[in-house]
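K.L.:
One structure coming up, written as structure tokens, with questions to follow.
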Protein chains: 2
Amino acid sequence: MKNYVYNFGGGTADGDGKMKEVLGGKGAGLAEMSKAGVPVPPGFTISTEVCNIFFENGNKVPKDINDQVLVGLAKLEKQIGKKLGDPKNPLLVSVRSGAKFSMPGMMNTILNLGLNDVTVEGLAKLSGNPRFAYDSYRRFIQMFGQVALDMDMEKFDHIFDSRKKKAKVKMDTDLTAADLQAIIVDYKKLVLQDTKKPFPQDAHVQLAMSRDAVFRSWWNPKASYYRKMEKIPDEIGTAASVQAMVFGNIGDDSATGVGFTRNPLTGEKEFWGEFLINAQGEDVVAGIRTPEPLADLQKLMPEAYAQLHKITESLENYYRDMQDFEFTIEQGKLYMLQTRNGKRTGPAAVRVAVDLVKEKLIDKREAVLRVAPAQLDQLLHPVFDGPSLKKLSEIATGISASPGAAVGRAAFSADDAVVMSAKGPVILVRKETTPDDIHGMDVARGILTAVGGKSSHAAVVARGMGRPCIVGAGSISINEHGKQFSVQAKGKQVVVKAGDWISMDGATGKVYLGQASTNDPDPNSAHFGTLMKWADEFRGKFGVRANADIPRDAKAARLFGAEGIGLCRTEHMFFAEDRIPLVQAMILARDEKTRRKALAKLLPMQKKDFAGLFKAMDGFPVVIRTLDPPLHEFLPKREDLMVDQARFPHATKAQKKEMSEKYRMKVGDLKKGIPELLHRVEELHEFNPMLGHRGCRLGITYPEITEMQARAIFEAAAEVSKKGIKVIPEVMIPLIGSVKELEHQKEIVVRIAKEVLTKAGVKNLHYMVGTMIEIPRAAITADEIAREAEFFSFGTNDLTQTTMGLSRDDYTKFSGHYESIKVFKADPFASIDQGGVGKIIEMAIKLGRSTRPDIEIGICGEHGGDPSSVEFCYRVGMDYVSCSPYRVPIARLAAAQAALADKTESMRTA
Amino acid sequence: MKNYVYNFGGGTADGDGKMKEVLGGKGAGLAEMSKAGVPVPPGFTISTEVCNIFFENGNKVPKDINDQVLVGLAKLEKQIGKKLGDPKNPLLVSVRSGAKFSMPGMMNTILNLGLNDVTVEGLAKLSGNPRFAYDSYRRFIQMFGQVALDMDMEKFDHIFDSRKKKAKVKMDTDLTAADLQAIIVDYKKLVLQDTKKPFPQDAHVQLAMSRDAVFRSWWNPKASYYRKMEKIPDEIGTAASVQAMVFGNIGDDSATGVGFTRNPLTGEKEFWGEFLINAQGEDVVAGIRTPEPLADLQKLMPEAYAQLHKITESLENYYRDMQDFEFTIEQGKLYMLQTRNGKRTGPAAVRVAVDLVKEKLIDKREAVLRVAPAQLDQLLHPVFDGPSLKKLSEIATGISASPGAAVGRAAFSADDAVVMSAKGPVILVRKETTPDDIHGMDVARGILTAVGGKSSHAAVVARGMGRPCIVGAGSISINEHGKQFSVQAKGKQVVVKAGDWISMDGATGKVYLGQASTNDPDPNSAHFGTLMKWADEFRGKFGVRANADIPRDAKAARLFGAEGIGLCRTEHMFFAEDRIPLVQAMILARDEKTRRKALAKLLPMQKKDFAGLFKAMDGFPVVIRTLDPPLHEFLPKREDLMVDQARFPHATKAQKKEMSEKYRMKVGDLKKGIPELLHRVEELHEFNPMLGHRGCRLGITYPEITEMQARAIFEAAAEVSKKGIKVIPEVMIPLIGSVKELEHQKEIVVRIAKEVLTKAGVKNLHYMVGTMIEIPRAAITADEIAREAEFFSFGTNDLTQTTMGLSRDDYTKFSGHYESIKVFKADPFASIDQGGVGKIIEMAIKLGRSTRPDIEIGICGEHGGDPSSVEFCYRVGMDYVSCSPYRVPIARLAAAQAALADKTESMRTA
């Protein structure tokens, strides 16, 4: 029969450190430590397979496996010279969970198992410390009740607290042995009353029930949620390790603690952790007593400290990574309870990886693989200063849309934000943002909205700007007109008015009242720079570009290592305060002549922007997308106009003034102007703007728009290249569905390019015309489209929306439910839906290359900055990814990891 | 060198009747007739290839081909004994166009070519009729000017009319030879003035220019438009036939006419046509003189008539189809100028095809292939009585959305329509319709909207109901509140008030003021029934089902030959007047309990509907789709609520009463109720409803809705099957994108089915659970989805929208432009876009069958009734199509033709 139980302890072990899949991280660590001669209390691990068998078998462990458990127990009893349930010399054990991947605190643990009304007396005698024995017993009943019997923790607390009141003591440690005995009596009564069965006195029954409870805790809501968050598969299950208890709470010569071999916040090499004298493990994390820093242990127990330091250092050397360890000192003797690779912050991850290379523990390749790309995010945005944040009260939580800490005064309109930003930092608070708000978002330190999801306008634009952003903070009720919001926080109504200070953490989605201080991390720190240099070495020729619309963003992109611009959204230039009236005039034009007149005024502005981009990207390509959004996005909202039209006859002077500003009309013109404007807006109104008159469809119906844009691009290119700067424009036509559309638009671009470049006398300026692949028909007919397209860029935002028939803005209404029942593996707007959208992408690449083998292929959707999507893009053979400037380092690292995985894969198959 | 010129005449010909591709229909007909001994004036045909060469060669005929033309001309001259340009005995010719497919009247013709200032005198002498000669010359100058010199027709007319005024005559025939000579002088002056060149006197130059003009007319706007409409390829080009002139205008022993061998309106076998004595061809169609019925020719010229009758009869026998012929009688001698298969109405097409089988000219197979499926439409809807319509004035034209003639009083709201329909027929006139209008559409004889396209709500629903419908009649300006519309018609403002009679033709899109009478065609007429029987024989097991939501439609569907229901949209039942409050209560419910309560009230209603469908479809399957549209469709419009909220403080009593009715609230409740309702509507508001919270996404977030619907289905099924009626429910889950969604919904359906059927004691009731394939992700992952789905039904409306990223409602805004530059081969919402959407469909079928080889596959989108789409569905291996009941015969015929084509194909490849 297969072996399901693995003993360890006393310098030997059945398993070893590599068997994480079978023994879980904890079990493997214990086996490895035991083998390495590290003092660990002996025990045995029931393998992860048993967990799955347990669930398949109706939440029962089959008899044959249980027999193996009994054998393991017998071995343990023999090794330690104690027997489970022995009245005189009882063996006490802990039962702990441990899966392949670390899930700290998510599953259950039971300590002091083996105590009952009889053995507790044995323990009292043996330890010479009855109070310790009774305290251990009451802890066991409490834990067992909660974990194995699903009882309410609060009921135990209530008994405990009542007794403290009765005894008139403040600290738990002030309770006497008699007090604890009384508590035990009450605890057992509670168990009988709640479960209709007495507290099990048979230690073997206790063990079986505890083991099962640990398995069951695999499906704890918090464990399930954690797995989802960390993308840990549900199928791997947890092991259960049964280990002889050692006691840190047996007297003042005992202690317990946790630590790291390096500082997990900064990565600095220091012995970092905390401990408590005369305490059991959970006391350290429970926060009832304040633990002491590990350094102090040196003074109190110098020998144990030295041994601990030596052991953990050798563990780090063995595992070649920073260790997170737990230990207990029982009457002066050190026991290691656990060691594992420690969780760390982004900055620490980078520093540890780089330092380990310097210390020759790992090589560069491994260092690059060690840092999770997403962790770099923390190095790229300001972070809160912890202590200053603790003083503030949290008032709301929304969806984390763009990370980073921001502090500023609340502003309730884009215009207000601009005015207020002259005097100090501002946070823009809006129900939702629209393209009209761009100038306000631009000056704000952070953006907070009440509605919308991770892919709402606010979220997308904020990420592009690297601006911290929280969206969908549903609990705040915004009165935009009254310039304030109210929110229920801890049962109290809080009102935040314009000018009040708020602090927000884009990474956690939390909003605080008041002014916290923040720290700017240094993205070009030595360690970070070193790691990125290594990553780029492994990345090879797979490119990383940035999405940037204006020269300032382009410069930031270069700073973060972008090798070109993968997407310049020309329309973002249109929303600037000085341009929007011209854009509106262009839209409201009733004939081509008037439209051309308005376009002629926009031309020099666009040209200037493009010139700025070309200069910033000297020698790198710049992908410029022609106008994309439906024209109504540039006009006032239809419903605003309808309501104002209805309000107008009874409007006050102030209201009329407001309308006049909003619609850029004289007050006297409103009466005629509002209905006229509404009429045009109605004409442009669309039922599904996402599927409407936009993208190349605009350039086809109004070729003069494409002409103007092409002219601006090539006039700028000619001008800049004459200054000796290398310009590589790639003109991208959006929303192509049929090659005929591309033919039409390409003809215009090529014609204008020829005309402009000839006139300017510029030769040898290499440019390309290509298309976004963002609707399924384009992907399916990519072979036809590649006849005209010199490059493809996957617009995975829209491609996801159309392929899945799912509007990213509307998905937020039910995404919570969808995530809870796991319809999709991950949020398809955050990570490419490889099983669906990914297949379409692969098909398009294959078809495109069948027609034009050297076609340049990239991605410019939001997914370009998502590590797993970057890996996908590498794997399917794209030439580059493009993402927001602030995610470029993440993409560089993810690409390097993909390249390394690919190399490993080819080595394996070679 | 290749032969490009084909002579004919005098009982022989270089070509024959099968060479339509080379000679065009006309040229092939002339060759064939000539060979068959039919008296045709001799001539030669320049092949269609020359047309293409002409365009490729910069609109010039190359010299070597021109040399062939000269050889052809020489042969003709020899045959007829006259020479082109001979002053004494001049040869006169016509030059006519003629492509492979008939394009009647779309291209140009030139007659009397060869006349000049000299030859006209020769003709005058030769014919002994100077007036005839001058009239022929002035006609030639006029035609040549217009066709070959691109001159303005009106200028010639002006000269002609001035001369008539001067001569004080009314009829053209009253002009004297001298008058005509004066006209010729003025005409030539006009030519010189307009073209800066004299009218060409050289007959060979005339011929070359006319030939080129005929080729150029291939790209006449009307010709291009006609090809687009009839799906004739642009590449085939036209031939040009040069033929000796014969003259029907040489005296009262001459005549010209056109005719059909059968009545082209009814198909009855009768000699049908008209003629004019002493006239040339174009006079018959020009309408200046009223032609006489062909029967009268028998009295006037019995010999010629008898010969004509005999010849046309033998031509019909030869071509085995009804002939459309042109003839001229020159001084008593009959000449056939053209014969071709005649255009005919739908009823005539059916009758002719069936009669020809009876007459043993063709077989059943050919009869089925002879009728264009789309033509059947005319047999399935009422048609106007022509004379009664002529008395009315046409006031507007919109987009033909659903064919058929309708006459009724104008009603401006659905409620008004219901009230008015009790007293007489009603036409519902709306700016656009919404699901709220269903009850009004249901009672209306026709529906007219000012906005929307062929796929707007009004159009789709009306077609489903078989109700005539015109949409997007942009010129009408509707005042829904004032219950009237106004329109500019022929420069006059016409106001139509509620209750005024209007007539509308859904097939032409025309709206008339007043009350026309209509005729109900008999869809079960003997001929029609016979043809459909034959079609079904060839169709084999490929099924045709109908989309029907209510029992009445289901009965109609059976009558039209549907073999089941392919789509029952359960939500259409929700819009009924008595149900909508319950539906709204369900939507407004804040918790599951309240929602279940509202659903419980809907259950018996849905059950009754389903029972009705099952009864009507005894033994045939009924596909029932669970709730599909986003919930906000059932609530009042957001912008209405916003406007009314703004209006409320100053609203008059009447306005409040109106709001109270609109929102189903007491007047006293409005103040609080409107904002509350608006709040909920805002919560449900979506940016892109098409891609929003709808379809299975509703059933997943509110499983109780699916439960209720499943319960209604299976309770109805149990009840009906107990009565001995065979029930085959197929439960269809809409908008599936991932197999997980289907798993979720299928579990509910199967669970409820089991529970209900067990409780009812019904055994052996076979049902299936399947899905619509309507978003690309479903198609791409069809192999996974087929693990759960027992059938697929392609929802090609939405699949087209998502695959093409194109909203059908919003497409109408720029579809005109797209059609004009031919971005897509046809309207993708009318015919499946085979190059894009079709590929996705083929992929899905292949993947689906790879998992579940016997999976039932059909289509339920609007395309299911489009003949070319039906052919596609057959070809890619679907099991059935489903369409609106009134299109079932069309689909049956199209399917039969597809099956026959397939058989022919396999015979060819075998």
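Following the order of the structure tokens, chains are lettered A, B, ..., residues in each are numbered from 1, and ligands are numbered from 1.
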I'd like the contact shell of B:Pro104 - 10 Å cut-off, only C-alpha atoms, skipping same-chain residues fewer than 6 positions apart - returned as a list in words.
P.N.:
Ser97, Gly98, Ala223, Tyr226 and Lys343 of chain B
K.L.:
Emit the selected residues as a compact mmCIF listing (two decimals), in the first residue's frame, including all heavy atoms.
P.N.:
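Resulting contents of part18.txt:
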# COMPACT_ATOMS: atom_id res chain seq x y z
N SER B 97 -26.42 47.40 -74.98
CA SER B 97 -25.69 46.70 -73.92
C SER B 97 -26.36 45.36 -73.65
O SER B 97 -27.49 45.13 -74.09
CB SER B 97 -25.74 47.53 -72.65
OG SER B 97 -27.10 47.72 -72.30
N GLY B 98 -25.70 44.52 -72.90
CA GLY B 98 -26.30 43.25 -72.52
C GLY B 98 -25.31 42.41 -71.74
O GLY B 98 -24.32 41.95 -72.29
N ALA B 223 -26.92 51.49 -62.72
CA ALA B 223 -26.48 50.13 -63.03
C ALA B 223 -25.70 49.53 -61.86
O ALA B 223 -25.92 48.38 -61.47
CB ALA B 223 -25.61 50.13 -64.29
N TYR B 226 -28.16 48.70 -59.19
CA TYR B 226 -28.95 47.53 -59.53
C TYR B 226 -28.14 46.24 -59.29
O TYR B 226 -28.64 45.27 -58.74
CB TYR B 226 -29.39 47.61 -60.98
CG TYR B 226 -30.32 46.49 -61.40
CD1 TYR B 226 -31.68 46.58 -61.17
CD2 TYR B 226 -29.82 45.33 -62.01
CE1 TYR B 226 -32.54 45.56 -61.56
CE2 TYR B 226 -30.66 44.30 -62.39
CZ TYR B 226 -32.03 44.42 -62.17
OH TYR B 226 -32.87 43.40 -62.53
N LYS B 343 -38.88 38.70 -66.37
CA LYS B 343 -39.04 38.99 -64.93
C LYS B 343 -40.51 38.79 -64.58
O LYS B 343 -41.39 39.04 -65.40
CB LYS B 343 -38.70 40.46 -64.65
CG LYS B 343 -37.31 40.86 -65.02
CD LYS B 343 -36.40 40.90 -63.81
CE LYS B 343 -34.96 40.84 -64.29
NZ LYS B 343 -34.06 40.34 -63.28
K.L.:
Starting from chain A, keep only residues with some atom at most 6 Å from an atom of chain B, counting only C-alpha atoms, and report them as a VMD selection string.
P.N.:
chain A and resid 639 643 646 to 647 686 688 691 to 692 740 775 to 777 802 to 807 810 823 836
K.L.:
Just want the 12 Å neighbourhood of A:Ser850, counted on only C-alpha atoms, with same-chain residues fewer than 4 positions away dropped. Output as a list in words.
P.N.:
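Everything that qualifies: Thr781, Ala782, Asp783, Glu784, Ile785, Ala786, Arg787, Met843, Ala844, Ile845, Lys846, Asp854 and Ile855 of chain A.
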K.L.:
Go ahead and write the selection's residues with C-alpha atoms as a PDB file, in the first residue's frame.
P.N.:
ATOM      1  CA  THR A 781      -9.735  37.442 -41.195  1.00  0.00           C
ATOM      2  CA  ALA A 782      -6.219  38.385 -40.108  1.00  0.00           C
ATOM      3  CA  ASP A 783      -4.787  36.715 -43.198  1.00  0.00           C
ATOM      4  CA  GLU A 784      -6.736  39.116 -45.398  1.00  0.00           C
ATOM      5  CA  ILE A 785      -5.989  42.086 -43.181  1.00  0.00           C
ATOM      6  CA  ALA A 786      -2.263  41.344 -43.173  1.00  0.00           C
ATOM      7  CA  ARG A 787      -2.247  41.978 -46.907  1.00  0.00           C
ATOM      8  CA  MET A 843      -5.437  32.344 -34.456  1.00  0.00           C
ATOM      9  CA  ALA A 844      -4.894  35.920 -35.590  1.00  0.00           C
ATOM     10  CA  ILE A 845      -1.128  35.663 -35.207  1.00  0.00           C
ATOM     11  CA  LYS A 846      -1.026  32.473 -37.194  1.00  0.00           C
ATOM     12  CA  ASP A 854       7.609  39.410 -40.859  1.00  0.00           C
ATOM     13  CA  ILE A 855       4.570  41.306 -39.618  1.00  0.00           C
TER      14      ILE A 855
END
K.L.:
B:Gly114: which residues within 6 Å, counting only C-alpha atoms, same-chain residues fewer than 3 positions away excluded, as a ChimeraX atom specification?
P.N.:
/B:84-85,92,203
K.L.:
Take the residues that were just selected and, keeping C-alpha atoms, output them as a tab-separated table (two decimals), in the first residue's frame.
P.N.:
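For reference, result36.tsv as written:
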chain	number	residue	atom	x	y	z
B	84	LEU	CA	-22.36	52.32	-93.04
B	85	GLY	CA	-22.19	55.95	-94.16
B	92	LEU	CA	-28.26	52.17	-89.88
B	203	ALA	CA	-20.47	57.02	-89.20
K.L.:
List every residue of stretch 766-828 of chain A that DSSP, applied to the backbone of this structure, places in alpha helix (DSSP H), and write the result as a ChimeraX atom specification.
P.N.:
/A:776-780,782-785,796-804,808-811,815-820
K.L.:
Please provide the set of residues having any atom within 12 Å of A:Ala473, restricted to only C-alpha atoms, with same-chain residues fewer than 4 positions apart removed, written as an MDAnalysis selection string.
P.N.:
chainID A and resid 395:401 429:432 447:454 469 477:478 485:488 504 506 508:511
K.L.:
Near A:Ala422, counting only C-alpha atoms, which residues have an atom at most 12 Å away, once you skip same-chain residues fewer than 6 positions from it, shown as an mmCIF file with C-alpha atoms, in the first residue's frame?
P.N.:
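Output (part_14.cif):
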data_model
loop_
_atom_site.group_PDB
_atom_site.id
_atom_site.type_symbol
_atom_site.label_atom_id
_atom_site.label_comp_id
_atom_site.auth_asym_id
_atom_site.auth_seq_id
_atom_site.Cartn_x
_atom_site.Cartn_y
_atom_site.Cartn_z
ATOM 1 C CA ARG A 409 -7.859 68.111 -0.277
ATOM 2 C CA ASP A 415 -12.321 72.599 -12.714
ATOM 3 C CA ASP A 416 -12.192 72.925 -8.922
ATOM 4 C CA GLY A 440 -8.787 67.543 -13.269
ATOM 5 C CA VAL A 443 -3.585 67.772 -11.593
ATOM 6 C CA ALA A 444 -4.967 65.488 -8.856
#
